[in-house]
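Novice: If you scroll down you'll find the structure; I have some questions about it.
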Amino acid sequence: MSEPKKVDRRKFIYAGLGAVALVAIGAAAYVAMNPPVVTQTVTTSTTVPTTSVVTTTVPTTSVVTTTQTTSTKELTVWWYISWLPGEKLATIETTRNFEHEYGVTVNLTFFPQAELNTKVRAAIEAGAVPDIVADTYWFNPLVYAYRGLLEDLSDIVLDPKQKDDWQPGILDGAYWLDATTGKRGYFILPMMMDGNYFHFWKDLYAKAGYTNPPPSDWDGFWKSIRDAHNANIKDGIYGLGIPVGDTSPSDVMSIFEQILRLQGVDMLTEDLKLNTSDQALKGIENTLNFYVGLYKEGLIPKGAISWDDGGNNNAFHTRSVVATSNNTMSIPAYQYSESKDNYYNKMFTSLWPKGPTGDDRMEVNVRGMYMFKASKNKELAKEFVKYFTKRDVYTQWIVGNEGRFCPVYKSVAENTQFFKQRDAGKVDPNIPVQIEMIKNRKIVVANMGRHAAYAQVAGIENIWPKLMVKMINEGLSAKDAAQQAMNRFKQAFEEFK
Amino acid sequence: MPKQYKDWVVGVIFCLPFIILFILFIVQPLLLSLVYAFFDKRVGVEPVFNGLNNFLFALNFPGFSYVFQNLIIFVIFGVNIKMVIALFLASLLNEEFRGRRVFRSLLIIPWSLPMVPSLVIWRWILDTDYGFINRCFLLLGLPQISFLGEYQWAISMAVLYHIWRSLPFYSLMLLAGLQSIPYSLYEAAEIDGASWWVKFRHVSIPLVKPVYVIATLLSLIWTMGDFTTIWILTRGAPADTTNVFSTFAYKFAFQIGNLGAAYATFFMLLPLVFFLIVILLRAIRE
């Protein structure tokens, strides 16, 4: 066998340079043969309609392909992804309609919620933020607003056309402080409102002799859960399925905050200061004791300590528990898609009972869209935000969400048949509970949606489940846990002064 | 141009792409993070010098002390147990026996599986309510174990996964080392009447020692930087007790939003990793 030929160094360099030159020529030829397609609107290429009154005939006829040197208006929108296909489709459809009406391109990207948080933070650091983000974690934008990163949307939120149409109290969840200017403003467009709901399997609950609606008083309600537990546990079915551990990023905190509120505790004063009173401390202690007590008593499956946010949903869907609590209507929405018989005949939804002293407040979280000050297309981005406030557009979108969220506009909630009776001729035992909540209970926005320090500790750091886990695993007393929480809140309120 | 300059220029041209990439993606981020470790750097906010406060913030953060404990657990139990088992497995596979090839192929499976799906499967198996193991316990009338809900169990399961996953790689590495030992040495030992254990103790171990040391050091470095195992299996739960340096740094950066503390966390581990790399390089040279 002959020895392999040695490559001369000079030839090697020439060959390398030749290859680079060839690639460059090829790339140049490709670009020359495929010029970028530039679109131009009939109005002007650089301005965006400043009013929302745009005829639908404009877009279909106005978008033309041209080689003129005009820039295409593009929006980058990042949206949370939902496991309900309807939600995603509703957003895609609304976005496409916006594109047609305004003759623009919207680069809509869906991310799983946890990934969206990471992406947004990385984008902020990289200085390349998207124009708009739709987020279901309301406590993140609150901190961004505090740091002066978000655009004030007050002009849209307080537009006279809709100012009085917002659901009572919910604007509290969008009115945030920008610490860099010292001013408060509306930094998020409320689009979705959740609440805290209980879902029951009718037959399992009936085994203990209970029917819809469950007792609305505190003691009576929990007695019914215990009775249902005792009636079903021999079959391996627990009375209650709520997450307990810190692998659940949002369910535990929502449930905990709801119980805290029903115990009559306001962690924030009216002027949004931390309530450091003994009554608040005692309230935390009582809530910790109550929540952990449910777990220790055995009413909740043992694995709930390591459930993620889907854990309670799964427990309910698999009929491992009689009842569960959730802060959206995702459980009925899933059952509707899987089995209408289950949805209409085998399950029902109720509100939380009134607190031990009769406190009937229901905590809601406001979720929606926000845009960054650093957005490259502010005008167009604002048009996009405004577009979702048109009642017909919004109604179509929120109905497309399959009832997971309550409408943020009174008119939509009152006038949309979907929220009263989903299918003609059938009594809906689930979705209308949202409307019942607004009519019959006092709505308060969760503290995590009101103050950046509270959002940081209760939301981002997820302090409640961490303390509960320590109580369960390490025997930490409720009193010490409450003190630890209070200390951390005090520290954070100093930091977010 | 004189020849020595020509050579130098050509050498630089050849190295330039690597040097540029190295500076861009290794040196620059490393220096930047070292600087930021001493700055109060929050997401979206200009950095402000704050001395050692980030280190203090991290060290005082609830649950952070567990990262040191977990590092020791991973090093003592994860790395060492794995390496000892790997050595025995390698010795076993070095012997002639029926089905050796099949056994070698089976051994590879945990390592060849993508990490995230295999961790998700582990999560599933270990689930307290629906997991395979607890279902078996239930059938046998035994109490359920909260494998991922209690610290001792959760960290043990993470270590167990670590061993299960990387055992094949190190077994094969040591097997390669064992196979490079001249067979004549074993024959000589056999003529002298040496048993399997004596051959293993006095022939295999001394000669495979250099490979063993390098493999152990590599394992130490990779284990210290491992993020996926803890993140997918426990997310640091329960109550931030199962975190390791990398997961805590990630939490600081992307959950808490304190980038300075994340860099500080990273730099707490770096001297140790750097020290191990120096030893590793020395071991390789020797």
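How things are named: the first chain in the structure tokens is A, the next is B, and so on; residues count from 1 in each chain; ligands count from 1 in the order shown.
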Applying 10 Å and only C-alpha atoms, which residues near B:Gln152 remain after dropping the ones on its own chain fewer than 5 positions away? List them as a list in words.
Specialist: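 In the requested form, the answer reads Phe147, Met157, Thr241 and Thr242 of chain B.
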Novice: Kindly export the residues of the current selection with N, CA and C atoms, as a CSV table (one decimal), in the first residue's frame.
Specialist:
chain,number,residue,atom,x,y,z
B,147,PHE,N,-40.8,9.5,48.1
B,147,PHE,CA,-39.4,9.5,47.6
B,147,PHE,C,-38.9,10.9,47.2
B,157,MET,N,-32.3,9.4,46.1
B,157,MET,CA,-32.8,9.0,44.7
B,157,MET,C,-32.0,9.8,43.6
B,241,THR,N,-34.0,22.0,49.6
B,241,THR,CA,-33.0,21.2,50.3
B,241,THR,C,-32.1,20.3,49.3
B,242,THR,N,-32.6,20.0,48.2
B,242,THR,CA,-31.9,19.1,47.3
B,242,THR,C,-31.1,19.9,46.2
Novice: If the cut-off is 6 Å, can you tell me the residues of chain B near chain A, counting only C-alpha atoms? I'd like them as number ranges by chain.
Specialist: B: 44, 128-129, 149, 239, 254
Novice: Apply DSSP to the backbone of this structure and, from stretch 339-468 of chain A, keep only the residues in strand (DSSP E or B); write these as an MDAnalysis selection string.
Specialist: chainID A and resid 347:351 361:364 366:372 406 409 442:445
Novice: Please determine, counting only C-alpha atoms, which residue among B:Phe132, B:Pro238, B:Pro62, B:Leu142 has the shortest atom-to-atom distance to A:Arg488.
Specialist: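 The answer is B:Pro62, which sits nearest to A:Arg488.
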Novice: From stretch 57-266 of chain B, collect each residue whose DSSP state is alpha helix (DSSP H) and return the set as a VMD selection string.
Specialist: chain B and resid 57 to 60 65 to 73 80 to 94 100 to 112 115 to 126 132 to 139 151 to 179 183 to 191 196 to 199 205 to 225 228 to 233 245 to 250 259 to 266
Novice: Could you please take those selected residues and save C-alpha atoms as a compact mmCIF listing (two decimals), in the first residue's frame?
Specialist:
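Contents of the output file out-v4.txt:
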# COMPACT_ATOMS: atom_id res chain seq x y z
CA PHE B 57 -26.92 36.98 50.22
CA ALA B 58 -26.40 33.51 48.78
CA LEU B 59 -24.93 32.05 51.95
CA ASN B 60 -27.79 33.41 54.05
CA SER B 65 -26.41 25.55 53.27
CA TYR B 66 -27.75 22.32 51.79
CA VAL B 67 -25.73 22.81 48.61
CA PHE B 68 -22.50 22.14 50.49
CA GLN B 69 -24.00 19.09 52.15
CA ASN B 70 -25.34 17.83 48.84
CA LEU B 71 -22.01 18.36 47.13
CA ILE B 72 -20.33 16.21 49.76
CA ILE B 73 -23.03 13.56 49.44
CA ASN B 80 -17.01 6.95 44.82
CA ILE B 81 -19.65 4.26 44.96
CA LYS B 82 -20.10 4.60 41.22
CA MET B 83 -16.37 4.27 40.55
CA VAL B 84 -15.99 1.22 42.79
CA ILE B 85 -18.98 -0.50 41.18
CA ALA B 86 -17.69 0.52 37.75
CA LEU B 87 -14.33 -1.09 38.50
CA PHE B 88 -15.93 -4.36 39.55
CA LEU B 89 -18.25 -4.33 36.55
CA ALA B 90 -15.32 -3.63 34.25
CA SER B 91 -13.37 -6.53 35.79
CA LEU B 92 -16.37 -8.78 35.34
CA LEU B 93 -16.78 -7.76 31.73
CA ASN B 94 -13.08 -8.32 31.18
CA ARG B 100 -20.70 -11.27 27.70
CA ARG B 101 -21.56 -9.28 24.56
CA VAL B 102 -25.25 -9.16 25.43
CA PHE B 103 -24.42 -8.03 28.94
CA ARG B 104 -22.12 -5.30 27.62
CA SER B 105 -24.88 -4.04 25.31
CA LEU B 106 -27.43 -4.03 28.11
CA LEU B 107 -25.03 -2.16 30.35
CA ILE B 108 -24.92 0.71 27.91
CA ILE B 109 -28.69 1.36 27.97
CA PRO B 110 -28.90 3.85 30.90
CA TRP B 111 -26.10 5.92 29.45
CA SER B 112 -27.49 5.88 25.93
CA MET B 115 -31.19 12.34 30.17
CA VAL B 116 -34.42 14.31 30.44
CA PRO B 117 -36.82 11.52 29.38
CA SER B 118 -35.04 9.05 31.63
CA LEU B 119 -35.39 11.46 34.56
CA VAL B 120 -39.06 11.96 33.80
CA ILE B 121 -39.46 8.18 33.86
CA TRP B 122 -37.69 8.07 37.22
CA ARG B 123 -40.02 10.75 38.55
CA TRP B 124 -42.90 8.64 37.41
CA ILE B 125 -41.54 5.46 39.00
CA LEU B 126 -40.86 7.29 42.26
CA PHE B 132 -44.60 1.79 40.31
CA ILE B 133 -42.65 1.30 43.52
CA ASN B 134 -45.31 2.73 45.79
CA ARG B 135 -48.01 0.78 43.97
CA CYS B 136 -46.03 -2.38 44.74
CA PHE B 137 -45.72 -1.28 48.37
CA LEU B 138 -49.46 -0.75 48.46
CA LEU B 139 -50.12 -4.25 47.12
CA TYR B 151 -35.03 15.34 51.86
CA GLN B 152 -33.26 12.08 52.77
CA TRP B 153 -35.18 10.12 50.17
CA ALA B 154 -35.03 12.79 47.50
CA ILE B 155 -31.26 13.28 47.68
CA SER B 156 -30.73 9.50 47.86
CA MET B 157 -32.80 9.04 44.72
CA ALA B 158 -30.83 11.78 42.95
CA VAL B 159 -27.56 10.03 43.87
CA LEU B 160 -28.99 6.68 42.82
CA TYR B 161 -30.02 8.09 39.45
CA HIS B 162 -26.59 9.61 39.04
CA ILE B 163 -24.94 6.23 39.65
CA TRP B 164 -27.40 4.38 37.41
CA ARG B 165 -26.96 6.84 34.60
CA SER B 166 -23.19 7.22 34.48
CA LEU B 167 -22.09 3.78 35.61
CA PRO B 168 -21.91 2.39 32.04
CA PHE B 169 -19.62 5.16 30.83
CA TYR B 170 -17.10 4.71 33.62
CA SER B 171 -17.33 0.91 33.42
CA LEU B 172 -16.43 1.07 29.76
CA MET B 173 -13.65 3.54 30.44
CA LEU B 174 -12.15 1.24 33.06
CA LEU B 175 -12.75 -1.78 30.85
CA ALA B 176 -10.64 -0.12 28.18
CA GLY B 177 -7.97 0.42 30.83
CA LEU B 178 -8.14 -3.21 31.94
CA GLN B 179 -7.93 -4.47 28.40
CA TYR B 183 -2.49 -10.78 29.29
CA SER B 184 0.91 -12.27 30.04
CA LEU B 185 0.80 -10.68 33.49
CA TYR B 186 -2.40 -12.55 34.33
CA GLU B 187 -0.90 -15.77 32.92
CA ALA B 188 2.18 -15.33 35.09
CA ALA B 189 -0.04 -14.78 38.12
CA GLU B 190 -2.10 -17.85 37.26
CA ILE B 191 1.06 -19.99 37.00
CA TRP B 196 -9.34 -14.07 40.79
CA TRP B 197 -9.18 -11.74 43.76
CA VAL B 198 -5.36 -11.84 43.97
CA LYS B 199 -5.08 -11.10 40.24
CA ILE B 205 -5.77 -2.43 40.34
CA PRO B 206 -2.17 -1.16 40.16
CA LEU B 207 -2.18 -1.09 36.37
CA VAL B 208 -5.61 0.44 35.92
CA LYS B 209 -4.94 3.03 38.62
CA PRO B 210 -3.99 5.90 36.24
CA VAL B 211 -7.22 5.43 34.26
CA TYR B 212 -9.18 5.14 37.51
CA VAL B 213 -7.74 8.41 38.83
CA ILE B 214 -8.47 10.29 35.62
CA ALA B 215 -11.98 8.84 35.42
CA THR B 216 -12.66 9.79 39.04
CA LEU B 217 -11.46 13.35 38.52
CA LEU B 218 -13.54 13.69 35.38
CA SER B 219 -16.54 12.34 37.22
CA LEU B 220 -15.98 14.81 40.06
CA ILE B 221 -15.85 17.76 37.69
CA TRP B 222 -18.93 16.69 35.73
CA THR B 223 -20.86 15.82 38.87
CA MET B 224 -20.20 19.23 40.39
CA GLY B 225 -21.56 20.94 37.32
CA THR B 228 -30.23 18.33 34.85
CA THR B 229 -30.46 15.53 37.42
CA ILE B 230 -31.65 17.75 40.25
CA TRP B 231 -33.64 20.14 38.09
CA ILE B 232 -35.77 17.50 36.45
CA LEU B 233 -36.01 15.12 39.38
CA PHE B 245 -24.66 24.88 43.12
CA SER B 246 -25.85 24.96 39.52
CA THR B 247 -29.57 24.76 40.33
CA PHE B 248 -29.28 27.43 43.01
CA ALA B 249 -27.37 29.69 40.62
CA TYR B 250 -30.16 29.16 38.07
CA LEU B 259 -27.90 37.83 38.74
CA GLY B 260 -25.13 38.99 41.10
CA ALA B 261 -26.00 36.24 43.58
CA ALA B 262 -26.09 33.71 40.74
CA TYR B 263 -22.56 34.65 39.67
CA ALA B 264 -21.39 34.59 43.28
CA THR B 265 -22.79 31.07 43.67
CA PHE B 266 -20.98 30.00 40.55
Novice: With distances taken over only C-alpha atoms, which residue among B:Leu52, B:Leu31, B:Ala237, B:Val244 lies nearest B:Phe64?
Specialist: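 Closest to B:Phe64 of all the choices is B:Val244.
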Novice: Taking only C-alpha atoms into account, which of A:Leu171, A:Ala458, A:Val321, A:Met362 comes nearest A:Leu262?
Specialist: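 Among A:Leu171, A:Ala458, A:Val321, A:Met362, it is A:Met362 that comes nearest to A:Leu262.
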Novice: Find the residues around A:Phe110 up to 8 Å (only C-alpha atoms counted), leave out those fewer than 3 positions away in its own chain, and share them as a PyMOL selection string.
Specialist: chain A and resi 78-81
Novice: Residues within 9 Å of A:Lys386, please, as a PDB file with C-alpha atoms, in the first residue's frame. Count only C-alpha atoms; anything in the same chain fewer than 2 positions from it doesn't count.
Specialist:
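Result file follows (part.pdb):
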ATOM      1  CA  SER A  52     -58.921  51.345  16.286  1.00  0.00           C
ATOM      2  CA  ILE A 156     -55.609  52.230  27.156  1.00  0.00           C
ATOM      3  CA  VAL A 157     -56.819  50.881  30.500  1.00  0.00           C
ATOM      4  CA  LEU A 189     -53.789  45.129  30.185  1.00  0.00           C
ATOM      5  CA  ALA A 381     -47.557  47.343  20.016  1.00  0.00           C
ATOM      6  CA  LYS A 382     -50.082  49.660  21.647  1.00  0.00           C
ATOM      7  CA  GLU A 383     -52.405  49.130  18.715  1.00  0.00           C
ATOM      8  CA  PHE A 384     -52.090  45.402  19.277  1.00  0.00           C
ATOM      9  CA  PHE A 388     -57.760  43.094  22.347  1.00  0.00           C
ATOM     10  CA  THR A 389     -59.940  45.631  24.147  1.00  0.00           C
ATOM     11  CA  LYS A 390     -62.463  45.760  21.310  1.00  0.00           C
TER      12      LYS A 390
END
Novice: Which residues are close to A:Pro141, i.e. within 9 Å by only C-alpha atoms, leaving aside same-chain residues fewer than 3 positions away? Reply as a PyMOL selection string.
Specialist: chain A and resi 135+137-138+144-146+149-150+187-188+370
Novice: Would you export the selected residues with C-alpha atoms as a compact mmCIF listing (two decimals), in the first residue's frame, please?
Specialist:
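again_7.txt was written with the following content:
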# COMPACT_ATOMS: atom_id res chain seq x y z
CA ASP A 135 -48.04 36.13 30.83
CA TYR A 137 -47.61 34.69 36.09
CA TRP A 138 -48.88 38.04 37.26
CA TYR A 144 -40.52 44.49 35.97
CA ALA A 145 -42.80 47.50 36.35
CA TYR A 146 -41.18 48.34 39.67
CA LEU A 149 -38.97 48.31 32.46
CA LEU A 150 -42.61 48.39 31.44
CA PHE A 187 -48.69 48.48 33.40
CA ILE A 188 -50.68 45.49 32.27
CA TYR A 370 -47.63 44.01 28.97
Novice: Which residues, written as a PyMOL selection string, have at least one atom at most 10 Å from A:Leu294, with only C-alpha atoms counted and residues fewer than 5 positions away on the same chain left out?
Specialist: chain A and resi 222+226+239-240+242+244+289+299-300
Novice: Would you mind listing what lies within 9 Å of A:Phe256 as JSON, numbers by chain, with only C-alpha atoms counted and same-chain residues fewer than 2 positions away left out?
Specialist: {"A": [251, 252, 253, 254, 258, 259, 260, 261, 287, 288, 291, 464, 465]}
Novice: Keeping only N, CA, C and O atoms, write the selected residues to a file as an mmCIF file, in the first residue's frame.
Specialist:
data_model
loop_
_atom_site.group_PDB
_atom_site.id
_atom_site.type_symbol
_atom_site.label_atom_id
_atom_site.label_comp_id
_atom_site.auth_asym_id
_atom_site.auth_seq_id
_atom_site.Cartn_x
_atom_site.Cartn_y
_atom_site.Cartn_z
ATOM 1 N N ASP A 251 -50.279 27.063 42.453
ATOM 2 C CA ASP A 251 -51.525 26.621 43.100
ATOM 3 C C ASP A 251 -51.482 26.778 44.617
ATOM 4 O O ASP A 251 -52.437 27.249 45.226
ATOM 5 N N VAL A 252 -50.367 26.353 45.225
ATOM 6 C CA VAL A 252 -50.302 26.408 46.695
ATOM 7 C C VAL A 252 -50.425 27.849 47.164
ATOM 8 O O VAL A 252 -51.163 28.153 48.098
ATOM 9 N N MET A 253 -49.692 28.720 46.486
ATOM 10 C CA MET A 253 -49.716 30.116 46.962
ATOM 11 C C MET A 253 -51.106 30.720 46.832
ATOM 12 O O MET A 253 -51.558 31.451 47.714
ATOM 13 N N SER A 254 -51.816 30.384 45.760
ATOM 14 C CA SER A 254 -53.165 30.930 45.592
ATOM 15 C C SER A 254 -54.103 30.408 46.668
ATOM 16 O O SER A 254 -54.884 31.172 47.244
ATOM 17 N N GLN A 258 -55.774 32.566 49.711
ATOM 18 C CA GLN A 258 -57.238 32.589 49.862
ATOM 19 C C GLN A 258 -57.623 32.247 51.305
ATOM 20 O O GLN A 258 -58.473 32.911 51.894
ATOM 21 N N ILE A 259 -56.975 31.231 51.860
ATOM 22 C CA ILE A 259 -57.298 30.856 53.248
ATOM 23 C C ILE A 259 -56.921 32.002 54.191
ATOM 24 O O ILE A 259 -57.672 32.349 55.101
ATOM 25 N N LEU A 260 -55.756 32.578 53.939
ATOM 26 C CA LEU A 260 -55.282 33.692 54.771
ATOM 27 C C LEU A 260 -56.330 34.820 54.774
ATOM 28 O O LEU A 260 -56.659 35.380 55.820
ATOM 29 N N ARG A 261 -56.863 35.103 53.610
ATOM 30 C CA ARG A 261 -57.855 36.162 53.478
ATOM 31 C C ARG A 261 -59.130 35.777 54.243
ATOM 32 O O ARG A 261 -59.720 36.602 54.925
ATOM 33 N N THR A 287 -53.186 29.984 59.452
ATOM 34 C CA THR A 287 -53.329 29.454 58.085
ATOM 35 C C THR A 287 -52.354 28.303 57.844
ATOM 36 O O THR A 287 -52.713 27.278 57.261
ATOM 37 N N LEU A 288 -51.113 28.497 58.322
ATOM 38 C CA LEU A 288 -50.116 27.430 58.176
ATOM 39 C C LEU A 288 -50.593 26.178 58.901
ATOM 40 O O LEU A 288 -50.531 25.062 58.368
ATOM 41 N N TYR A 291 -53.596 24.581 56.920
ATOM 42 C CA TYR A 291 -53.225 23.935 55.648
ATOM 43 C C TYR A 291 -52.426 22.651 55.918
ATOM 44 O O TYR A 291 -52.740 21.578 55.395
ATOM 45 N N TRP A 464 -44.617 30.260 50.988
ATOM 46 C CA TRP A 464 -45.598 29.497 51.790
ATOM 47 C C TRP A 464 -45.373 27.989 51.711
ATOM 48 O O TRP A 464 -45.265 27.336 52.753
ATOM 49 N N PRO A 465 -45.308 27.401 50.506
ATOM 50 C CA PRO A 465 -45.107 25.939 50.489
ATOM 51 C C PRO A 465 -43.773 25.514 51.087
ATOM 52 O O PRO A 465 -43.672 24.441 51.684
#
